[in-house]
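Contents: one structure, followed by commentary.
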Amino acid sequence: MSDRLAVLPQYLMPKLAMTRLAGKLAGAELGGFTTWTIKRFIDRYGVNMAEAVESDPAAFATFNDFFTRALKPDARPIADAPLICPVDGAISQFGPIRADQIFQAKGHQYSTTALLGGDQQLAAQFRDGHFATLYLSPRDYHRIHMPCAGKLLRMIHVPGDLFSVNPTTARGVPGLFARNERVVCVFEGEHGPWILVLVGATIVGSMATVWHGVVNPPRPGRVRAWHYENEHFSYAQGAEMGRFLLGSTVVMLFPQGPLNFNPRWQPGGAVRLGEAMATRG
């Protein structure tokens, strides 16, 4: 079956209604049913609870508490590298931005302007720059950390679809990551601006940042922006910056200049928070 045919049902599904329902259930305290659901999820996806601060499924009041569980302090050592991987997951794609085009999958590209909610001035800062797209599967740790130190400048919530973001959908839905709902986080670092985009997906109940809390819901159907240029929200490399309440994808943008990705990285390969992602020069 072709990827386009495989994703056809997603065009027909009531994705927003499903997502709202999933979000309510994941955030509800349902006692024994919550514990049963968590245990089934652990078994189904092979979640490694030994590395979690709290390993007992019965200790989580809600499914979201389990899904965004903290890891033990030594579970993810931080590499001595200018850029580290910000999540556990799998590599979707990475490499150069060709003018303003980001490679999604064979036959599919999308523009930086579209990804950033139509902000051409912001997108222009990443022309001929670099990108990395990382997919978080259900079994993964779902907190997101800083790939490098940065000062927060802006956050933009862009409304959109809620397609799945798994590899099949990335191959079958044109412009997927610039089409789905997303939260764009703009930082200033030692080497200039950089961006981390949290991409929503089917049944992703919400996305949250450490400086704002839950960003969505609400979903007002329009672009919303928050400006922090005059605030003092600065975060060290490796610090937590956000989390997914149910899983998704992150896309990172870096400006033009020398940047060499980890030579061991390959599309489809597994990655872990804290490992070396790239060097400069």
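Chain lettering (A, B, ...) mirrors the order of the structure tokens, residue numbering begins at 1 for each chain separately, and ligand numbering begins at 1 in order of display.
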Give me the residues within 8 Å of range 268-273 of chain A as a VMD selection string, counting only C-alpha atoms and dropping any in the same chain fewer than 2 places off.
chain A and resid 76 78 84 to 93 145 265 to 266 275
Just write the chosen residues, all heavy atoms, as a CSV table (one decimal), in the first residue's frame.
chain,number,residue,atom,x,y,z
A,76,ARG,N,20.3,10.6,31.6
A,76,ARG,CA,20.6,11.1,30.3
A,76,ARG,C,21.8,12.1,30.5
A,76,ARG,O,21.6,13.3,30.7
A,76,ARG,CB,19.5,11.9,29.7
A,76,ARG,CG,18.3,11.0,29.4
A,76,ARG,CD,18.5,10.1,28.2
A,76,ARG,NE,17.4,9.3,27.9
A,76,ARG,CZ,17.0,8.2,28.5
A,76,ARG,NH1,17.7,7.7,29.5
A,76,ARG,NH2,15.9,7.6,28.1
A,78,ILE,N,24.8,14.6,29.7
A,78,ILE,CA,24.9,15.7,28.7
A,78,ILE,C,26.2,15.6,28.1
A,78,ILE,O,27.3,15.7,28.8
A,78,ILE,CB,24.6,17.1,29.3
A,78,ILE,CG1,23.2,17.1,29.9
A,78,ILE,CG2,24.7,18.1,28.2
A,78,ILE,CD1,22.1,16.8,29.0
A,84,ILE,N,23.3,19.6,21.6
A,84,ILE,CA,23.0,18.3,22.0
A,84,ILE,C,21.5,17.9,21.6
A,84,ILE,O,20.8,18.8,21.3
A,84,ILE,CB,23.0,18.1,23.5
A,84,ILE,CG1,22.1,19.1,24.2
A,84,ILE,CG2,24.5,18.3,24.0
A,84,ILE,CD1,21.8,18.7,25.7
A,85,CYS,N,21.2,16.7,21.5
A,85,CYS,CA,19.9,16.2,21.1
A,85,CYS,C,18.9,16.6,22.2
A,85,CYS,O,19.2,16.3,23.4
A,85,CYS,CB,19.9,14.7,20.9
A,85,CYS,SG,18.3,14.1,20.4
A,86,PRO,N,17.8,17.3,21.9
A,86,PRO,CA,16.9,17.8,23.0
A,86,PRO,C,15.9,16.8,23.5
A,86,PRO,O,15.1,17.1,24.4
A,86,PRO,CB,16.2,19.0,22.3
A,86,PRO,CG,16.1,18.5,20.9
A,86,PRO,CD,17.4,17.8,20.6
A,87,VAL,N,15.8,15.6,22.8
A,87,VAL,CA,14.7,14.6,23.2
A,87,VAL,C,15.2,13.2,23.0
A,87,VAL,O,16.2,13.0,22.3
A,87,VAL,CB,13.5,14.9,22.3
A,87,VAL,CG1,12.8,16.2,22.5
A,87,VAL,CG2,13.8,14.7,20.8
A,88,ASP,N,14.4,12.3,23.5
A,88,ASP,CA,14.5,10.9,23.1
A,88,ASP,C,13.6,10.7,21.9
A,88,ASP,O,12.5,11.3,21.8
A,88,ASP,CB,14.0,10.0,24.2
A,88,ASP,CG,15.0,9.8,25.3
A,88,ASP,OD1,16.0,10.4,25.3
A,88,ASP,OD2,14.6,9.0,26.3
A,89,GLY,N,14.0,10.0,20.9
A,89,GLY,CA,13.2,9.7,19.7
A,89,GLY,C,13.9,9.1,18.6
A,89,GLY,O,14.8,8.3,18.8
A,90,ALA,N,13.5,9.4,17.4
A,90,ALA,CA,14.1,8.9,16.2
A,90,ALA,C,14.3,10.1,15.2
A,90,ALA,O,13.5,11.0,15.2
A,90,ALA,CB,13.2,7.8,15.5
A,91,ILE,N,15.3,10.0,14.4
A,91,ILE,CA,15.6,11.0,13.4
A,91,ILE,C,14.7,10.9,12.2
A,91,ILE,O,14.6,9.9,11.6
A,91,ILE,CB,17.1,10.9,12.9
A,91,ILE,CG1,18.0,11.1,14.1
A,91,ILE,CG2,17.4,12.0,11.9
A,91,ILE,CD1,19.5,10.6,13.8
A,92,SER,N,13.9,12.0,12.0
A,92,SER,CA,13.1,12.0,10.8
A,92,SER,C,14.0,12.4,9.6
A,92,SER,O,14.2,11.7,8.7
A,92,SER,CB,11.9,12.9,11.0
A,92,SER,OG,11.1,13.0,9.8
A,93,GLN,N,14.5,13.7,9.7
A,93,GLN,CA,15.4,14.2,8.7
A,93,GLN,C,16.3,15.3,9.3
A,93,GLN,O,15.9,15.8,10.4
A,93,GLN,CB,14.7,14.8,7.5
A,93,GLN,CG,13.8,13.9,6.7
A,93,GLN,CD,14.5,12.8,5.9
A,93,GLN,OE1,15.7,12.9,5.6
A,93,GLN,NE2,13.8,11.7,5.6
A,145,HIS,N,14.2,19.4,26.0
A,145,HIS,CA,15.3,20.1,26.7
A,145,HIS,C,16.0,21.0,25.7
A,145,HIS,O,15.8,20.9,24.5
A,145,HIS,CB,16.2,19.1,27.4
A,145,HIS,CG,15.6,18.3,28.5
A,145,HIS,ND1,15.9,18.5,29.8
A,145,HIS,CD2,14.6,17.4,28.5
A,145,HIS,CE1,15.2,17.7,30.6
A,145,HIS,NE2,14.4,17.0,29.8
A,265,TRP,N,24.6,10.1,12.9
A,265,TRP,CA,23.2,10.3,12.7
A,265,TRP,C,22.8,9.8,11.3
A,265,TRP,O,23.5,10.2,10.3
A,265,TRP,CB,22.8,11.8,12.9
A,265,TRP,CG,22.6,12.1,14.3
A,265,TRP,CD1,23.2,11.6,15.4
A,265,TRP,CD2,21.7,13.1,14.8
A,265,TRP,NE1,22.7,12.2,16.5
A,265,TRP,CE2,21.8,13.1,16.2
A,265,TRP,CE3,20.8,14.0,14.1
A,265,TRP,CZ2,21.0,14.0,16.9
A,265,TRP,CZ3,20.1,14.9,14.9
A,265,TRP,CH2,20.2,14.9,16.3
A,266,GLN,N,21.6,9.1,11.2
A,266,GLN,CA,21.1,8.7,9.9
A,266,GLN,C,19.5,8.8,10.1
A,266,GLN,O,19.0,8.5,11.1
A,266,GLN,CB,21.5,7.3,9.6
A,266,GLN,CG,22.9,7.1,9.3
A,266,GLN,CD,23.4,7.8,8.1
A,266,GLN,OE1,22.6,8.0,7.1
A,266,GLN,NE2,24.7,8.1,8.0
A,275,GLU,N,22.8,13.4,23.9
A,275,GLU,CA,23.9,12.9,23.0
A,275,GLU,C,24.3,14.1,22.1
A,275,GLU,O,23.5,15.0,21.9
A,275,GLU,CB,23.5,11.7,22.2
A,275,GLU,CG,22.5,12.0,21.1
A,275,GLU,CD,22.3,10.7,20.3
A,275,GLU,OE1,21.9,9.6,20.8
A,275,GLU,OE2,22.4,10.8,19.0
Skipping near chain neighbours, those fewer than 2 positions away, what residues fall within 6 Å of range 171-183 of chain A using only C-alpha atoms, listed as a PyMOL selection string?
chain A and resi 3-4+105+108+110+114-115+156-162+168-169+197-200
Tell me, in Å to one decimal, how far CA of Gln237 in chain A is from CA of Pro147 in chain A.
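CA of Gln237 in chain A sits 5.7 Å away from CA of Pro147 in chain A.
Note that the spacing between CA of Ala149 in chain A and CA of Ala79 in chain A amounts to 13.6 Å.
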Looking only at alpha helix (DSSP H) from DSSP on the backbone, list the matching residues of range 74-266 of chain A as a PyMOL selection string.
chain A and resi 112-115+120-124+167-172
I'd like the contact shell of Ala132 in chain A - 9 Å cut-off, only C-alpha atoms, skipping same-chain residues fewer than 4 positions apart - returned as a compact mmCIF listing (two decimals) with N, CA and C atoms, in the first residue's frame.
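around05.txt, freshly written:
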# COMPACT_ATOMS: atom_id res chain seq x y z
N ILE A 91 15.32 9.99 14.40
CA ILE A 91 15.62 11.04 13.43
C ILE A 91 14.66 10.91 12.25
N SER A 92 13.91 11.96 11.99
CA SER A 92 13.09 12.00 10.78
C SER A 92 13.97 12.44 9.61
N GLN A 93 14.47 13.68 9.68
CA GLN A 93 15.40 14.20 8.67
C GLN A 93 16.26 15.27 9.33
N PHE A 94 17.40 15.59 8.71
CA PHE A 94 18.24 16.69 9.17
C PHE A 94 19.14 17.09 8.02
N GLY A 95 19.72 18.29 8.11
CA GLY A 95 20.64 18.73 7.08
C GLY A 95 20.49 20.20 6.76
N PRO A 96 20.90 20.60 5.57
CA PRO A 96 20.84 22.01 5.19
C PRO A 96 19.44 22.43 4.78
N VAL A 250 9.60 17.37 17.12
CA VAL A 250 10.21 18.69 17.23
C VAL A 250 11.01 18.97 15.96
N VAL A 251 10.98 20.23 15.53
CA VAL A 251 11.79 20.69 14.41
C VAL A 251 12.66 21.83 14.92
N MET A 252 13.96 21.75 14.67
CA MET A 252 14.89 22.81 15.07
C MET A 252 15.46 23.50 13.85
N LEU A 253 15.62 24.80 13.93
CA LEU A 253 16.22 25.61 12.88
C LEU A 253 17.42 26.36 13.44
N PHE A 254 18.51 26.36 12.66
CA PHE A 254 19.71 27.10 13.02
C PHE A 254 20.14 27.95 11.82
If DSSP is run on the backbone, what residues of range 36-221 of chain A are strand (DSSP E)? A reply as JSON, numbers by chain would be ideal.
{"A": [83, 84, 89, 90, 91, 92, 93, 94, 95, 96, 101, 102, 103, 104, 105, 108, 109, 110, 111, 130, 131, 132, 133, 134, 135, 143, 144, 145, 150, 151, 152, 153, 154, 155, 156, 157, 158, 182, 183, 184, 185, 186, 187, 188, 189, 192, 193, 194, 195, 196, 197, 198, 199, 206, 207, 208, 209, 213, 214, 215, 216]}
Any idea what's packed within 6 Å of range 54-65 of chain A, counting only C-alpha atoms, ignoring anything in its chain fewer than 3 positions away? Could you give it as a PyMOL selection string?
chain A and resi 26-29+35+49+68-69+245
Option closest in space to Trp194 in chain A, from A:Asn230, A:Gln125, A:Ser164, A:Thr34 [counting only C-alpha atoms]
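Among the listed residues, the smallest separation from Trp194 in chain A belongs to A:Gln125.
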Quick one: contact table of range 166-246 of chain A to range 133-142 of chain A, 8 Å max, nearest atom pair and distance in Å to one decimal per residue, counting only C-alpha atoms, chain and number order, as a Markdown table?
| residue | atom | partner | partner_atom | distance |
| --- | --- | --- | --- | --- |
| A:Asn166 | CA | A:Tyr135 | CA | 7.2 |
| A:Arg243 | CA | A:His142 | CA | 5.8 |
| A:Phe244 | CA | A:His142 | CA | 5.7 |
| A:Leu245 | CA | A:His142 | CA | 7.7 |
| A:Leu246 | CA | A:Pro138 | CA | 7.4 |
Could you write those residues out with N, CA and C atoms, as a compact mmCIF listing (two decimals), in the first residue's frame?
# COMPACT_ATOMS: atom_id res chain seq x y z
N ASN A 166 3.84 10.23 12.44
CA ASN A 166 4.72 9.07 12.30
C ASN A 166 5.36 9.06 10.91
N ARG A 243 7.13 20.25 27.17
CA ARG A 243 6.75 18.84 27.14
C ARG A 243 5.51 18.65 26.28
N PHE A 244 5.35 17.44 25.78
CA PHE A 244 4.16 17.02 25.05
C PHE A 244 3.27 16.22 25.97
N LEU A 245 1.98 16.55 26.01
CA LEU A 245 1.02 15.71 26.69
C LEU A 245 0.41 14.81 25.62
N LEU A 246 1.02 13.68 25.44
CA LEU A 246 0.91 12.71 24.33
C LEU A 246 1.86 13.16 23.22
